[in-house]
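Structure data follow from final.cif (mmCIF, C-alpha atoms):
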data_structure
loop_
_atom_site.label_atom_id
_atom_site.label_comp_id
_atom_site.auth_asym_id
_atom_site.auth_seq_id
_atom_site.Cartn_x
_atom_site.Cartn_y
_atom_site.Cartn_z
CA MET A 1 7.19 108.14 -106.51
CA LEU A 2 3.61 108.41 -107.72
CA VAL A 3 2.61 106.45 -110.83
CA VAL A 4 -0.66 107.70 -112.30
CA LEU A 5 -2.68 105.43 -114.57
CA SER A 6 -5.36 107.12 -116.69
CA GLY A 7 -7.65 106.09 -119.48
CA VAL A 8 -11.34 105.83 -120.11
CA SER A 9 -13.53 103.63 -117.94
CA GLY A 10 -12.82 100.03 -118.96
CA ALA A 11 -9.23 100.69 -120.13
CA GLY A 12 -7.87 98.22 -117.55
CA LYS A 13 -6.48 100.61 -114.94
CA ASP A 14 -7.62 98.63 -111.90
CA THR A 15 -6.56 95.26 -113.34
CA ILE A 16 -3.10 96.61 -114.18
CA LYS A 17 -2.75 98.27 -110.78
CA LYS A 18 -3.52 94.97 -109.03
CA ALA A 19 -0.99 93.12 -111.20
CA LEU A 20 1.73 95.68 -110.43
CA ILE A 21 1.08 95.44 -106.69
CA ALA A 22 1.21 91.63 -106.84
CA ARG A 23 4.46 91.54 -108.84
CA MET A 24 6.52 94.43 -107.49
CA ASP A 25 7.89 95.02 -104.01
CA ASN A 26 7.29 98.44 -102.52
CA VAL A 27 4.29 99.20 -104.77
CA GLU A 28 0.99 100.11 -103.15
CA SER A 29 -2.36 101.46 -104.20
CA LEU A 30 -3.85 104.66 -102.88
CA PRO A 31 -7.62 104.33 -102.49
CA SER A 32 -9.72 107.18 -103.84
CA TYR A 33 -12.70 108.55 -102.00
CA THR A 34 -16.05 108.29 -103.77
CA ASP A 35 -19.71 108.80 -103.03
CA ARG A 36 -20.85 106.04 -105.36
CA ALA A 37 -22.15 102.75 -103.99
CA PRO A 38 -19.73 99.80 -103.86
CA ARG A 39 -19.96 97.34 -106.73
CA GLU A 40 -20.20 93.65 -106.03
CA GLY A 41 -16.97 92.41 -104.44
CA GLU A 42 -15.58 95.88 -103.65
CA LYS A 43 -14.38 96.35 -100.08
CA ASN A 44 -14.09 99.71 -98.38
CA GLY A 45 -10.48 100.90 -98.19
CA GLU A 46 -9.06 98.73 -100.98
CA VAL A 47 -9.67 100.60 -104.24
CA TYR A 48 -12.13 103.13 -102.82
CA ASN A 49 -13.12 104.65 -99.51
CA PHE A 50 -16.90 104.85 -99.79
CA VAL A 51 -18.56 107.86 -98.18
CA THR A 52 -21.89 109.61 -98.53
CA THR A 53 -22.28 112.63 -100.80
CA GLU A 54 -22.65 114.79 -97.69
CA GLU A 55 -19.41 113.42 -96.21
CA PHE A 56 -17.59 113.98 -99.51
CA GLU A 57 -18.81 117.57 -99.75
CA LYS A 58 -17.73 118.20 -96.15
CA MET A 59 -14.25 116.90 -97.07
CA ILE A 60 -14.20 119.32 -100.03
CA ALA A 61 -15.15 122.20 -97.73
CA ASN A 62 -12.33 121.18 -95.34
CA GLU A 63 -9.83 121.07 -98.26
CA GLU A 64 -9.01 117.42 -97.58
CA PHE A 65 -8.40 116.54 -101.25
CA TYR A 66 -5.44 117.17 -103.54
CA GLU A 67 -7.90 116.81 -106.37
CA TYR A 68 -11.47 115.75 -106.83
CA ASN A 69 -13.85 115.54 -109.73
CA VAL A 70 -17.35 114.52 -110.69
CA HIS A 71 -17.13 111.56 -113.02
CA HIS A 72 -20.21 109.71 -114.28
CA LYS A 73 -22.37 111.61 -111.77
CA HIS A 74 -20.25 110.67 -108.73
CA TYR A 75 -17.48 112.37 -106.78
CA TYR A 76 -13.96 110.91 -106.79
CA GLY A 77 -11.03 112.41 -104.92
CA THR A 78 -7.45 111.94 -103.69
CA SER A 79 -6.95 112.45 -99.97
CA ARG A 80 -4.11 114.77 -98.96
CA THR A 81 -3.55 112.86 -95.72
CA LEU A 82 -3.44 109.39 -97.31
CA MET A 83 -1.18 110.58 -100.16
CA ASN A 84 1.27 112.32 -97.82
CA GLU A 85 1.47 109.27 -95.52
CA LYS A 86 2.24 106.94 -98.44
CA ILE A 87 4.83 109.31 -99.94
CA LYS A 88 6.60 109.68 -96.57
CA SER A 89 6.71 105.88 -96.23
CA GLY A 90 8.89 105.69 -99.36
CA LYS A 91 6.42 103.47 -101.21
CA ILE A 92 5.77 103.61 -104.93
CA ILE A 93 2.14 104.63 -105.18
CA VAL A 94 0.10 103.45 -108.16
CA LYS A 95 -3.12 105.39 -108.55
CA ASP A 96 -5.75 105.49 -111.26
CA ILE A 97 -7.06 108.99 -111.85
CA ASP A 98 -9.02 110.60 -114.67
CA VAL A 99 -7.38 113.15 -116.98
CA ASN A 100 -8.59 116.20 -115.02
CA GLY A 101 -7.35 114.79 -111.73
CA THR A 102 -4.00 113.92 -113.30
CA GLU A 103 -3.52 117.47 -114.50
CA ASN A 104 -4.30 118.85 -111.03
CA LEU A 105 -2.09 116.35 -109.17
CA VAL A 106 0.89 116.97 -111.43
CA LYS A 107 0.60 120.74 -110.85
CA LEU A 108 0.34 120.29 -107.08
CA LEU A 109 3.00 117.62 -106.55
CA LYS A 110 5.60 118.06 -109.32
CA ASN A 111 8.00 120.10 -107.17
CA ASP A 112 7.95 117.71 -104.20
CA THR A 113 7.29 114.25 -105.62
CA LYS A 114 8.34 112.31 -108.68
CA VAL A 115 5.13 111.83 -110.68
CA VAL A 116 5.06 109.46 -113.67
CA THR A 117 1.92 109.63 -115.80
CA ILE A 118 0.73 106.77 -118.02
CA PHE A 119 -2.31 106.84 -120.32
CA LEU A 120 -3.84 103.51 -121.32
CA ARG A 121 -5.40 103.52 -124.78
CA VAL A 122 -8.07 101.09 -125.88
CA PRO A 123 -9.95 101.14 -129.22
CA LYS A 124 -13.52 102.39 -128.77
CA GLU A 125 -15.11 99.15 -130.02
CA VAL A 126 -12.99 97.04 -127.62
CA LEU A 127 -13.90 99.40 -124.82
CA ALA A 128 -17.63 99.03 -125.52
CA LYS A 129 -17.27 95.23 -125.33
CA ARG A 130 -15.30 95.44 -122.04
CA LEU A 131 -17.93 97.70 -120.50
CA GLU A 132 -20.69 95.29 -121.57
CA ASN A 133 -18.84 92.28 -120.17
CA ARG A 134 -18.19 94.10 -116.89
CA MET A 135 -21.92 94.22 -116.13
CA GLU A 136 -24.12 91.26 -115.28
CA LYS A 137 -27.05 93.06 -116.94
CA PRO A 138 -25.62 95.59 -119.42
CA ASP A 139 -26.94 99.11 -118.84
CA TYR A 140 -26.62 100.71 -122.28
CA LYS A 141 -27.36 104.18 -120.91
CA GLU A 142 -24.37 103.83 -118.55
CA ILE A 143 -22.17 102.39 -121.33
CA THR A 144 -23.11 105.28 -123.64
CA LEU A 145 -22.30 107.79 -120.88
CA ARG A 146 -18.84 106.27 -120.46
CA LEU A 147 -18.19 106.03 -124.21
CA ASN A 148 -19.17 109.68 -124.67
CA ARG A 149 -16.17 110.65 -122.54
CA PHE A 150 -13.80 108.68 -124.80
CA ASP A 151 -12.90 111.53 -127.21
CA TYR A 152 -12.39 114.04 -124.39
CA GLU A 153 -10.01 111.75 -122.50
CA GLU A 154 -8.13 110.83 -125.70
CA SER A 155 -7.66 114.55 -126.43
CA LYS A 156 -5.57 114.86 -123.24
CA ILE A 157 -2.92 112.22 -124.00
CA GLY A 158 -0.35 114.89 -124.85
CA MET A 159 0.12 115.70 -121.15
CA TYR A 160 1.19 112.13 -120.28
CA ASP A 161 4.77 110.87 -119.98
CA TYR A 162 3.81 107.54 -121.55
CA VAL A 163 0.92 106.33 -123.72
CA ILE A 164 0.39 102.57 -123.97
CA LYS A 165 -2.09 100.69 -126.12
CA ASN A 166 -3.60 98.17 -123.71
CA ASN A 167 -4.59 95.30 -125.97
CA ASP A 168 -2.49 92.64 -124.19
CA LEU A 169 -2.60 92.69 -120.38
CA GLU A 170 0.64 90.78 -119.82
CA LYS A 171 2.58 92.94 -122.26
CA THR A 172 1.12 96.15 -120.79
CA VAL A 173 2.00 95.14 -117.21
CA ASN A 174 5.57 94.26 -118.26
CA ILE A 175 5.99 97.59 -120.07
CA ILE A 176 4.76 99.53 -117.02
CA MET A 177 7.09 97.55 -114.73
CA GLU A 178 9.98 98.54 -117.01
CA ILE A 179 8.85 102.18 -116.91
CA ILE A 180 8.72 102.17 -113.10
CA ASN A 181 12.17 100.56 -112.82
CA SER A 182 13.65 102.99 -115.36
CA GLU A 183 12.08 106.01 -113.65
CA LEU A 184 13.44 104.83 -110.29
CA LYS A 185 16.96 104.62 -111.74
CA ILE A 186 16.62 108.11 -113.23
CA SER A 187 15.40 109.60 -109.96
CA GLU A 188 18.31 108.03 -108.04
CA THR A 189 20.86 109.64 -110.35
CA GLU A 190 22.26 112.97 -109.23
CA PHE A 191 23.07 115.63 -111.79
#
Would you write the structure of this file as structure tokens?
Amino acid sequence: MLVVLSGVSGAGKDTIKKALIARMDNVESLPSYTDRAPREGEKNGEVYNFVTTEEFEKMIANEEFYEYNVHHKHYYGTSRTLMNEKIKSGKIIVKDIDVNGTENLVKLLKNDTKVVTIFLRVPKEVLAKRLENRMEKPDYKEITLRLNRFDYEESKIGMYDYVIKNNDLEKTVNIIMEIINSELKISETEF
């Protein structure tokens, strides 16, 4: 099963993903590929596989991605090989993907894999504060760029199985754990 977490930058996707992995057996992350530089504390292969722009574009040419997108001036993509390996292992994969990537993945995988999509909503003013607090030296140009995408991403919530207002981390994690457990029970039932 693939659990997709979406929402604007700063919605809490990565924090929630880490909490789910820590609390649930058989749940793993699937690192995305990106050509952006690692942020402080990020290790290659955990949340992201960091490659150069040239390497990323070569991977595109070789059709190595299920989906990829340019987001905030950087490439992000989901590796076919890594995804297929995780699915074959029987793990529950939790992946954060933007709205365009979610749409593409659902189209590509829906006939072969159970895909559960969750959109995390955060009020715009809370989001601005989170983005500011995330940076040691706030870059208001970068924050504005991310906030400008807010309305576009919010306009896509209709394609998600679940929409959760993420204003309480503990509550949100518990709700998503319930969703995963419920979806597992549904997928084990034969009709």
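Once the PyMOL selection byres ((chain A and resi 4) around 10) is applied to this file, the selection holds A:Met1, A:Leu2, A:Val3, A:Leu5, A:Ser6, A:Lys13, A:Lys17, A:Ile93, A:Val94, A:Lys95, A:Asp96, A:Ile97, A:Asp98, A:Val99, A:Gly101, A:Thr102, A:Leu105, A:Val106, A:Val115, A:Val116, A:Thr117, A:Ile118, A:Phe119, A:Tyr160, A:Asp161.
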What would the selection look like, as an MDAnalysis selection string, if the PyMOL selection byres ((chain A and resi 168) around 12) were run on the coordinates I just shared? chainID A and resid 11:12 15:16 120:122 126 164:167 169:175
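Distances from A:Met83, A:Ala22, A:Met159, A:Val51 to Phe65 (chain A) were compared using all atoms listed in the file, and the smallest one belongs to A:Met83.
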(request) Compare A:Asn84, A:Tyr140, A:Tyr76, A:Met177 by their minimum atom-to-atom distance to Ala19 (chain A), counting all atoms listed in the file, and give me the closest one. (result)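 When distances to Ala19 (chain A) are compared using all atoms listed in the file, the smallest one comes from A:Met177.
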- request: Measure the distance from CA of Glu28 (chain A) to CA of Asp14 (chain A) in Å and round it to one decimal.
  value: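 Distance between the two atoms: 12.4 Å.
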Between A:Ser29, A:Thr78, A:Asn44, A:Asn181, which has the minimum distance to Phe56 (chain A) (counting all atoms listed in the file)?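 Distance minimum relative to Phe56 (chain A) lands on A:Thr78.
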Quick one: 4 Å padding each side, axis-aligned, all listed atoms of region 164-182 of chain A - centre and edge lengths in Å to one decimal, as lines of an AutoDock Vina configuration file?
center_x = 4.5
center_y = 96.9
center_z = -119.5
size_x = 26.2
size_y = 20.2
size_z = 21.3
Straight-line distance linking CA of Lys73 (chain A) with CA of Ala37 (chain A), stated in Å to one decimal:
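Separation between CA of Lys73 (chain A) and CA of Ala37 (chain A): 11.8 Å.
Taking CA of Glu63 (chain A) and CA of Asn104 (chain A) as endpoints, the distance between them is 14.1 Å.
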